[in-house]
Every structure is written in C-alpha cells, then in structure tokens.
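A.B. asks: Just query_12.pdb, nothing more (PDB, C-alpha atoms):
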ATOM      1  CA  MET A 857     -39.749   8.959  29.089  1.00  0.00           C
ATOM      2  CA  ARG A 858     -40.555  10.508  25.749  1.00  0.00           C
ATOM      3  CA  ILE A 859     -37.843  11.851  23.434  1.00  0.00           C
ATOM      4  CA  SER A 860     -38.741  14.877  21.377  1.00  0.00           C
ATOM      5  CA  SER A 861     -37.838  15.226  17.718  1.00  0.00           C
ATOM      6  CA  ARG A 862     -35.412  17.988  18.678  1.00  0.00           C
ATOM      7  CA  GLN A 863     -33.609  15.650  21.138  1.00  0.00           C
ATOM      8  CA  ARG A 864     -33.450  12.958  18.453  1.00  0.00           C
ATOM      9  CA  LEU A 865     -31.925  15.471  16.047  1.00  0.00           C
ATOM     10  CA  VAL A 866     -29.290  16.461  18.614  1.00  0.00           C
ATOM     11  CA  VAL A 867     -28.424  12.779  19.245  1.00  0.00           C
ATOM     12  CA  PHE A 868     -28.210  12.144  15.481  1.00  0.00           C
ATOM     13  CA  ILE A 869     -25.892  15.129  14.957  1.00  0.00           C
ATOM     14  CA  ILE A 870     -23.634  14.069  17.837  1.00  0.00           C
ATOM     15  CA  PHE A 871     -23.510  10.493  16.501  1.00  0.00           C
ATOM     16  CA  PHE A 872     -22.757  11.762  12.976  1.00  0.00           C
ATOM     17  CA  LEU A 873     -19.915  13.950  14.229  1.00  0.00           C
ATOM     18  CA  LEU A 874     -18.382  11.253  16.455  1.00  0.00           C
ATOM     19  CA  ALA A 875     -18.863   8.233  14.134  1.00  0.00           C
ATOM     20  CA  PRO A 876     -15.472   8.582  12.385  1.00  0.00           C
ATOM     21  CA  PHE A 877     -13.724   8.115  15.749  1.00  0.00           C
ATOM     22  CA  PHE A 878     -15.325   4.748  16.514  1.00  0.00           C
ATOM     23  CA  GLY A 879     -15.279   1.352  14.840  1.00  0.00           C
ATOM     24  CA  GLN A 880     -12.012   1.713  12.923  1.00  0.00           C
ATOM     25  CA  PRO A 881      -8.897   0.276  14.560  1.00  0.00           C
ATOM     26  CA  GLU A 882      -6.526   2.477  12.582  1.00  0.00           C
ATOM     27  CA  ALA A 883      -6.523   5.294  10.116  1.00  0.00           C
ATOM     28  CA  THR A 884      -6.442   4.312   6.474  1.00  0.00           C
ATOM     29  CA  SER A 885      -4.947   6.230   3.598  1.00  0.00           C
ATOM     30  CA  GLN A 886      -7.473   4.891   1.077  1.00  0.00           C
ATOM     31  CA  GLU A 887      -8.832   7.619  -1.137  1.00  0.00           C
ATOM     32  CA  PRO A 888     -12.039   7.485  -3.172  1.00  0.00           C
ATOM     33  CA  GLY A 889     -11.567   7.000  -6.913  1.00  0.00           C
ATOM     34  CA  LYS A 890      -8.398   4.950  -6.563  1.00  0.00           C
ATOM     35  CA  ASN A 891      -7.997   1.266  -7.387  1.00  0.00           C
ATOM     36  CA  PHE A 892      -7.533  -0.953  -4.305  1.00  0.00           C
ATOM     37  CA  MET A 893      -7.250  -4.719  -3.980  1.00  0.00           C
ATOM     38  CA  LYS A 894      -6.521  -7.291  -1.295  1.00  0.00           C
ATOM     39  CA  ILE A 895      -3.377  -9.366  -1.694  1.00  0.00           C
ATOM     40  CA  THR A 896      -1.668 -12.011   0.423  1.00  0.00           C
ATOM     41  CA  VAL A 897       2.043 -12.164   1.204  1.00  0.00           C
ATOM     42  CA  LYS A 898       3.086 -15.420   2.889  1.00  0.00           C
ATOM     43  CA  GLY A 899      -0.329 -15.673   4.563  1.00  0.00           C
ATOM     44  CA  ASN A 900      -0.416 -11.991   5.585  1.00  0.00           C
ATOM     45  CA  LYS A 901      -3.174  -9.838   4.122  1.00  0.00           C
ATOM     46  CA  LEU A 902      -2.506  -6.393   2.682  1.00  0.00           C
ATOM     47  CA  THR A 903      -4.757  -3.804   1.101  1.00  0.00           C
ATOM     48  CA  VAL A 904      -2.861  -2.171  -1.732  1.00  0.00           C
ATOM     49  CA  GLU A 905      -3.478   0.721  -4.042  1.00  0.00           C
ATOM     50  CA  VAL A 906      -2.806  -0.562  -7.550  1.00  0.00           C
ATOM     51  CA  VAL A 907      -1.034   1.850  -9.895  1.00  0.00           C
ATOM     52  CA  LYS A 908      -0.620   1.075 -13.583  1.00  0.00           C
ATOM     53  CA  THR A 909      -0.411   4.342 -15.529  1.00  0.00           C
ATOM     54  CA  GLU A 910       2.866   6.199 -15.926  1.00  0.00           C
ATOM     55  CA  GLN A 911       1.378   9.223 -14.132  1.00  0.00           C
ATOM     56  CA  GLU A 912       0.270   7.111 -11.145  1.00  0.00           C
ATOM     57  CA  LYS A 913       3.647   5.349 -10.980  1.00  0.00           C
ATOM     58  CA  ALA A 914       5.567   8.647 -11.169  1.00  0.00           C
ATOM     59  CA  LYS A 915       3.631  10.066  -8.201  1.00  0.00           C
ATOM     60  CA  GLY A 916       3.603   6.853  -6.139  1.00  0.00           C
ATOM     61  CA  LEU A 917       3.399   7.671  -2.429  1.00  0.00           C
ATOM     62  CA  MET A 918       4.823  11.199  -2.772  1.00  0.00           C
ATOM     63  CA  PHE A 919       3.411  13.803  -0.377  1.00  0.00           C
ATOM     64  CA  ARG A 920       1.479  11.279   1.718  1.00  0.00           C
ATOM     65  CA  GLU A 921       1.721  11.744   5.466  1.00  0.00           C
ATOM     66  CA  LYS A 922       1.103   8.129   6.477  1.00  0.00           C
ATOM     67  CA  MET A 923      -0.014   4.710   5.366  1.00  0.00           C
ATOM     68  CA  GLY A 924      -2.108   2.215   7.333  1.00  0.00           C
ATOM     69  CA  LYS A 925      -0.416  -0.682   9.124  1.00  0.00           C
ATOM     70  CA  ASP A 926      -1.383  -3.356   6.577  1.00  0.00           C
ATOM     71  CA  GLU A 927      -1.512  -1.182   3.479  1.00  0.00           C
ATOM     72  CA  GLY A 928       0.782  -0.658   0.548  1.00  0.00           C
ATOM     73  CA  MET A 929       1.102   0.365  -3.066  1.00  0.00           C
ATOM     74  CA  LEU A 930       1.488  -2.114  -5.912  1.00  0.00           C
ATOM     75  CA  PHE A 931       3.166  -0.928  -9.112  1.00  0.00           C
ATOM     76  CA  VAL A 932       2.211  -2.998 -12.168  1.00  0.00           C
ATOM     77  CA  TYR A 933       4.375  -3.133 -15.319  1.00  0.00           C
ATOM     78  CA  GLU A 934       3.681  -4.699 -18.720  1.00  0.00           C
ATOM     79  CA  LYS A 935       6.689  -7.047 -18.607  1.00  0.00           C
ATOM     80  CA  GLU A 936       9.642  -8.028 -16.480  1.00  0.00           C
ATOM     81  CA  GLU A 937      12.499  -5.522 -16.500  1.00  0.00           C
ATOM     82  CA  LEU A 938      14.951  -3.950 -14.075  1.00  0.00           C
ATOM     83  CA  LEU A 939      12.830  -1.513 -12.060  1.00  0.00           C
ATOM     84  CA  SER A 940      14.184   1.651 -10.446  1.00  0.00           C
ATOM     85  CA  PHE A 941      12.637   3.734  -7.665  1.00  0.00           C
ATOM     86  CA  TRP A 942      13.568   6.761  -5.600  1.00  0.00           C
ATOM     87  CA  MET A 943      12.007   8.575  -2.647  1.00  0.00           C
ATOM     88  CA  LYS A 944      11.759  12.146  -3.915  1.00  0.00           C
ATOM     89  CA  ASN A 945       9.022  13.953  -1.954  1.00  0.00           C
ATOM     90  CA  THR A 946       8.159  10.732  -0.095  1.00  0.00           C
ATOM     91  CA  ARG A 947       7.887  11.246   3.671  1.00  0.00           C
ATOM     92  CA  ILE A 948       7.115   7.662   4.712  1.00  0.00           C
ATOM     93  CA  PRO A 949      10.030   5.236   5.316  1.00  0.00           C
ATOM     94  CA  LEU A 950       9.320   2.327   2.982  1.00  0.00           C
ATOM     95  CA  SER A 951      10.388  -1.203   2.207  1.00  0.00           C
ATOM     96  CA  ILE A 952      10.019  -2.385  -1.373  1.00  0.00           C
ATOM     97  CA  ALA A 953       9.650  -5.897  -2.744  1.00  0.00           C
ATOM     98  CA  PHE A 954      10.357  -6.515  -6.414  1.00  0.00           C
ATOM     99  CA  LEU A 955       8.268  -9.404  -7.794  1.00  0.00           C
ATOM    100  CA  ASP A 956       8.720 -11.435 -10.972  1.00  0.00           C
ATOM    101  CA  LYS A 957       5.835 -12.216 -13.340  1.00  0.00           C
ATOM    102  CA  SER A 958       4.744 -15.169 -11.162  1.00  0.00           C
ATOM    103  CA  GLY A 959       4.604 -13.036  -7.982  1.00  0.00           C
ATOM    104  CA  LYS A 960       7.828 -14.414  -6.460  1.00  0.00           C
ATOM    105  CA  ILE A 961       9.889 -11.867  -4.506  1.00  0.00           C
ATOM    106  CA  VAL A 962      13.236 -11.435  -6.294  1.00  0.00           C
ATOM    107  CA  ASP A 963      14.588  -8.534  -4.198  1.00  0.00           C
ATOM    108  CA  LEU A 964      13.797  -6.624  -0.987  1.00  0.00           C
ATOM    109  CA  GLN A 965      15.165  -3.180  -0.108  1.00  0.00           C
ATOM    110  CA  ASP A 966      14.579  -0.461   2.481  1.00  0.00           C
ATOM    111  CA  MET A 967      14.285   3.122   1.290  1.00  0.00           C
ATOM    112  CA  VAL A 968      14.993   6.414   3.056  1.00  0.00           C
ATOM    113  CA  PRO A 969      12.458   9.284   3.012  1.00  0.00           C
ATOM    114  CA  PHE A 970      13.263  12.126   0.583  1.00  0.00           C
ATOM    115  CA  SER A 971      16.327  10.292  -0.796  1.00  0.00           C
ATOM    116  CA  LEU A 972      17.175  10.888  -4.438  1.00  0.00           C
ATOM    117  CA  GLN A 973      19.265   7.700  -4.521  1.00  0.00           C
ATOM    118  CA  THR A 974      17.930   5.348  -7.197  1.00  0.00           C
ATOM    119  CA  ARG A 975      17.149   1.831  -5.952  1.00  0.00           C
ATOM    120  CA  THR A 976      17.143  -0.751  -8.770  1.00  0.00           C
ATOM    121  CA  SER A 977      15.852  -4.305  -8.530  1.00  0.00           C
ATOM    122  CA  ALA A 978      18.562  -6.979  -8.363  1.00  0.00           C
ATOM    123  CA  LEU A 979      16.709  -9.007 -11.030  1.00  0.00           C
ATOM    124  CA  PRO A 980      14.040  -8.218 -13.624  1.00  0.00           C
ATOM    125  CA  ALA A 981      10.620  -7.694 -12.036  1.00  0.00           C
ATOM    126  CA  GLN A 982       7.091  -7.017 -13.263  1.00  0.00           C
ATOM    127  CA  PHE A 983       5.679  -5.740  -9.969  1.00  0.00           C
ATOM    128  CA  ALA A 984       6.939  -3.591  -7.110  1.00  0.00           C
ATOM    129  CA  LEU A 985       5.241  -3.601  -3.703  1.00  0.00           C
ATOM    130  CA  GLU A 986       5.863  -0.715  -1.299  1.00  0.00           C
ATOM    131  CA  VAL A 987       4.888  -1.053   2.368  1.00  0.00           C
ATOM    132  CA  ASN A 988       5.803   0.675   5.615  1.00  0.00           C
ATOM    133  CA  GLN A 989       9.479   0.065   6.388  1.00  0.00           C
ATOM    134  CA  GLY A 990      10.000  -3.097   8.393  1.00  0.00           C
ATOM    135  CA  TRP A 991       6.688  -4.727   7.401  1.00  0.00           C
ATOM    136  CA  PHE A 992       8.369  -7.560   5.458  1.00  0.00           C
ATOM    137  CA  GLU A 993      10.862  -8.255   8.256  1.00  0.00           C
ATOM    138  CA  GLU A 994       8.142  -8.102  10.914  1.00  0.00           C
ATOM    139  CA  HIS A 995       6.164 -10.765   9.026  1.00  0.00           C
ATOM    140  CA  GLY A 996       9.140 -13.034   8.255  1.00  0.00           C
ATOM    141  CA  ILE A 997       8.980 -12.375   4.517  1.00  0.00           C
ATOM    142  CA  SER A 998      12.116 -12.811   2.417  1.00  0.00           C
ATOM    143  CA  VAL A 999      13.378 -13.223  -1.148  1.00  0.00           C
ATOM    144  CA  GLY A1000      11.830 -16.341  -2.694  1.00  0.00           C
ATOM    145  CA  ASP A1001       8.457 -15.953  -0.952  1.00  0.00           C
ATOM    146  CA  SER A1002       5.364 -15.553  -3.134  1.00  0.00           C
ATOM    147  CA  VAL A1003       2.737 -12.847  -3.276  1.00  0.00           C
ATOM    148  CA  LYS A1004      -0.807 -13.736  -4.344  1.00  0.00           C
ATOM    149  CA  LEU A1005      -1.998 -11.112  -6.825  1.00  0.00           C
ATOM    150  CA  PRO A1006      -5.547 -12.083  -7.830  1.00  0.00           C
ATOM    151  CA  GLY A1007      -6.253 -11.277 -11.472  1.00  0.00           C
ATOM    152  CA  LEU A1008      -2.757  -9.932 -12.192  1.00  0.00           C
ATOM    153  CA  ILE A1009      -0.659 -13.094 -12.551  1.00  0.00           C
ATOM    154  CA  LYS A1010      -0.769 -14.634 -16.008  1.00  0.00           C
ATOM    155  CA  LYS A1011      -0.323 -18.395 -15.901  1.00  0.00           C
TER     156      LYS A1011
END
Could you write out this structure as structure tokens?

C.D. replies:
Amino acid sequence: MRISSRQRLVVFIIFFLLAPFFGQPEATSQEPGKNFMKITVKGNKLTVEVVKTEQEKAKGLMFREKMGKDEGMLFVYEKEELLSFWMKNTRIPLSIAFLDKSGKIVDLQDMVPFSLQTRTSALPAQFALEVNQGWFEEHGISVGDSVKLPGLIKK
C-alpha cells in the first residue's frame, strides 16, 4: 500500500493537533521565560518556579487557575527575616513552608484562597516554598526537615 503525500500531510496535521494530549501525565503550569529548578524535600522531587525580584514576589501565584501535582513556587530573599504572605487574588489553596538560610523548614502553614489575612513565619526565614495545600502532609514533611536548594544555599 502506497501513502500519498496528501495522506502523509493529513496524518502529520492530526498528530500535531493531538500531540499535546498524549505523553504528559498531568498538566503543568510552567510558562516560558520563567525561572524553574528542581528541588528535593525529604526525598520528594518538586519543580519550582523561582522568584527573586520584588515584582515577581508581589505577584506570586495570583490569578493562576491551577498548579501541577509536584510543582511549587520558591520565594528567595537576600537574608533571613520574618516573612509575611497573603492570598489576595490567589485561587489555589496553598501550603507554605518557611525555610532558614540552610534550607531547614522553620514553619509550615496552610493558606485560604483569596484571604487577606497576613500569614507571618514563626521564625526568621530566607526562603518560602508554596505548594498545593496538603502536599507537605501527604509526603510526611514537617518542621525541622530540610529542603535541598541547589545553588541557593550558601555554606
């Protein structure tokens, strides 16, 4: 059986249109032009968007519809300090881990979508890690556990 060039073109177009629906176990919220890295929390891998500028930190996860199962956002600060967050315009229920300069979790909190209540870290922190609500609990992660942040932890 011989396939014509027109038939090949039709097959290619169908494949091109259907490709996004195959081969990916879950939707991802990764956007081009953003800074992503892989981190490990108590042996569990996460892909996080790294935000460092004041503009990026102010926007955070506002207006996003969803976040992938093993994704998060990592907020990076110059030094340890009490960090405060709120959920204005944030639709996704989140859990937040506050990390000291060595990557140790010093506080964990759950946050409510759209809440204007300020959530402040119990102790000074240099990093904040937001994930889908319940992710830390589901993976047995608690205060005192360490997060591996390649290239961000100064020895």

A.B. asks: Identify, on the basis of all atoms listed in the file, every residue whose closest approach to Ala978 (chain A) does not exceed 10 Å; exclude the query and any residue fewer than 3 positions from it along the same chain; express the result as a list in words.

C.D. replies: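 Near neighbours after the sequence-gap exclusion: Leu938, Leu939, Ser940, Phe954, Val962, Asp963, Leu964, Gln965, Arg975 and Ala981 of chain A.
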
A.B. asks: From the set A:Gly959, A:Ala984, A:Ile895, A:Ala953, which residue has the shortest atom-to-atom contact distance to Tyr933 (chain A), counting all atoms listed in the file?

C.D. replies: A:Ala984

A.B. asks: Could you list, as a PDB file with C-alpha atoms, keeping the file's coordinate frame, every residue matched by the PyMOL selection byres ((chain A and resi 958) around 12) in this structure?

C.D. replies:
ATOM      1  CA  LYS A 935       6.689  -7.047 -18.607  1.00  0.00           C
ATOM      2  CA  GLU A 936       9.642  -8.028 -16.480  1.00  0.00           C
ATOM      3  CA  PHE A 954      10.357  -6.515  -6.414  1.00  0.00           C
ATOM      4  CA  LEU A 955       8.268  -9.404  -7.794  1.00  0.00           C
ATOM      5  CA  ASP A 956       8.720 -11.435 -10.972  1.00  0.00           C
ATOM      6  CA  LYS A 957       5.835 -12.216 -13.340  1.00  0.00           C
ATOM      7  CA  GLY A 959       4.604 -13.036  -7.982  1.00  0.00           C
ATOM      8  CA  LYS A 960       7.828 -14.414  -6.460  1.00  0.00           C
ATOM      9  CA  ILE A 961       9.889 -11.867  -4.506  1.00  0.00           C
ATOM     10  CA  VAL A 962      13.236 -11.435  -6.294  1.00  0.00           C
ATOM     11  CA  PRO A 980      14.040  -8.218 -13.624  1.00  0.00           C
ATOM     12  CA  ALA A 981      10.620  -7.694 -12.036  1.00  0.00           C
ATOM     13  CA  GLN A 982       7.091  -7.017 -13.263  1.00  0.00           C
ATOM     14  CA  PHE A 983       5.679  -5.740  -9.969  1.00  0.00           C
ATOM     15  CA  GLY A1000      11.830 -16.341  -2.694  1.00  0.00           C
ATOM     16  CA  ASP A1001       8.457 -15.953  -0.952  1.00  0.00           C
ATOM     17  CA  SER A1002       5.364 -15.553  -3.134  1.00  0.00           C
ATOM     18  CA  VAL A1003       2.737 -12.847  -3.276  1.00  0.00           C
ATOM     19  CA  LYS A1004      -0.807 -13.736  -4.344  1.00  0.00           C
ATOM     20  CA  LEU A1005      -1.998 -11.112  -6.825  1.00  0.00           C
ATOM     21  CA  PRO A1006      -5.547 -12.083  -7.830  1.00  0.00           C
ATOM     22  CA  GLY A1007      -6.253 -11.277 -11.472  1.00  0.00           C
ATOM     23  CA  LEU A1008      -2.757  -9.932 -12.192  1.00  0.00           C
ATOM     24  CA  ILE A1009      -0.659 -13.094 -12.551  1.00  0.00           C
ATOM     25  CA  LYS A1010      -0.769 -14.634 -16.008  1.00  0.00           C
ATOM     26  CA  LYS A1011      -0.323 -18.395 -15.901  1.00  0.00           C
TER      27      LYS A1011
END

A.B. asks: Let me know the residues the PyMOL selection byres ((chain A and resi 912) around 12) catches in the file above, as a compact mmCIF listing (two decimals) with C-alpha atoms, keeping the file's coordinate frame.

C.D. replies:
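So result-v2.txt came out as:
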# COMPACT_ATOMS: atom_id res chain seq x y z
CA LYS A 890 -8.40 4.95 -6.56
CA ASN A 891 -8.00 1.27 -7.39
CA GLU A 905 -3.48 0.72 -4.04
CA VAL A 906 -2.81 -0.56 -7.55
CA VAL A 907 -1.03 1.85 -9.90
CA LYS A 908 -0.62 1.08 -13.58
CA THR A 909 -0.41 4.34 -15.53
CA GLU A 910 2.87 6.20 -15.93
CA GLN A 911 1.38 9.22 -14.13
CA LYS A 913 3.65 5.35 -10.98
CA ALA A 914 5.57 8.65 -11.17
CA LYS A 915 3.63 10.07 -8.20
CA GLY A 916 3.60 6.85 -6.14
CA LEU A 917 3.40 7.67 -2.43
CA MET A 918 4.82 11.20 -2.77
CA MET A 929 1.10 0.36 -3.07
CA LEU A 930 1.49 -2.11 -5.91
CA PHE A 931 3.17 -0.93 -9.11
CA VAL A 932 2.21 -3.00 -12.17
CA TYR A 933 4.38 -3.13 -15.32

A.B. asks: Kindly give the distance, in Å, that separates CA of Ser998 (chain A) and CA of Ser951 (chain A), rounded to a single decimal.

C.D. replies: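 Going from CA of Ser998 (chain A) over to CA of Ser951 (chain A) covers 11.7 Å.
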
A.B. asks: What is the distance, in Å and to one decimal place, between CA of Lys922 (chain A) and CA of Asn988 (chain A)?

C.D. replies: 8.9 Å

A.B. asks: Kindly extract all protein, DNA and RNA residues lying within 10 Å of the coordinates (13.4, 1.6, 7.3) given in the file, considering all atoms listed in the file, and supply them as a list of chain:residue names.

C.D. replies: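 Output of the proximity query reads A:Ile948, A:Pro949, A:Leu950, A:Ser951, A:Gln965, A:Asp966, A:Met967, A:Val968, A:Pro969, A:Asn988, A:Gln989, A:Gly990, A:Trp991.
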
A.B. asks: Work out how far CA of Glu927 (chain A) is from CA of Thr946 (chain A), in Å to one decimal.

C.D. replies: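 Going from CA of Thr946 (chain A) over to CA of Glu927 (chain A) covers 15.8 Å.
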
A.B. asks: Which one of A:Arg920, A:Lys894, A:Lys901, A:His995 sits closest to Met943 (chain A) if you count all atoms listed in the file?

C.D. replies: A:Arg920

A.B. asks: Starting from the displayed file, determine the output of the PyMOL selection byres ((chain A and resi 944) around 6) and express the residue list as a list in words.

C.D. replies: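 For this structure, the PyMOL selection byres ((chain A and resi 944) around 6) captures Trp942, Met943, Asn945, Thr946, Phe970, Ser971 and Leu972 of chain A.
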
A.B. asks: Which one is closest to Ser977 (chain A): A:Ile952, A:Met923, A:Val897, A:Val904? Count all atoms listed in the file.

C.D. replies: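 Comparing A:Ile952, A:Met923, A:Val897, A:Val904 against Ser977 (chain A), the winner is A:Ile952.
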
A.B. asks: Return the single residue from A:Glu937, A:Glu921, A:Met893, A:Gly928 that is closest to Phe992 (chain A), with distances computed using all atoms listed in the file.

C.D. replies: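 With all atoms listed in the file as the atom set, the closest residue is A:Gly928.
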
A.B. asks: Which is closest to Thr974 (chain A) among A:Thr896, A:Val999, A:Glu986, A:Phe941, if we use all atoms listed in the file?

C.D. replies: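 Counting all atoms listed in the file, the residue closest to Thr974 (chain A) is A:Phe941.
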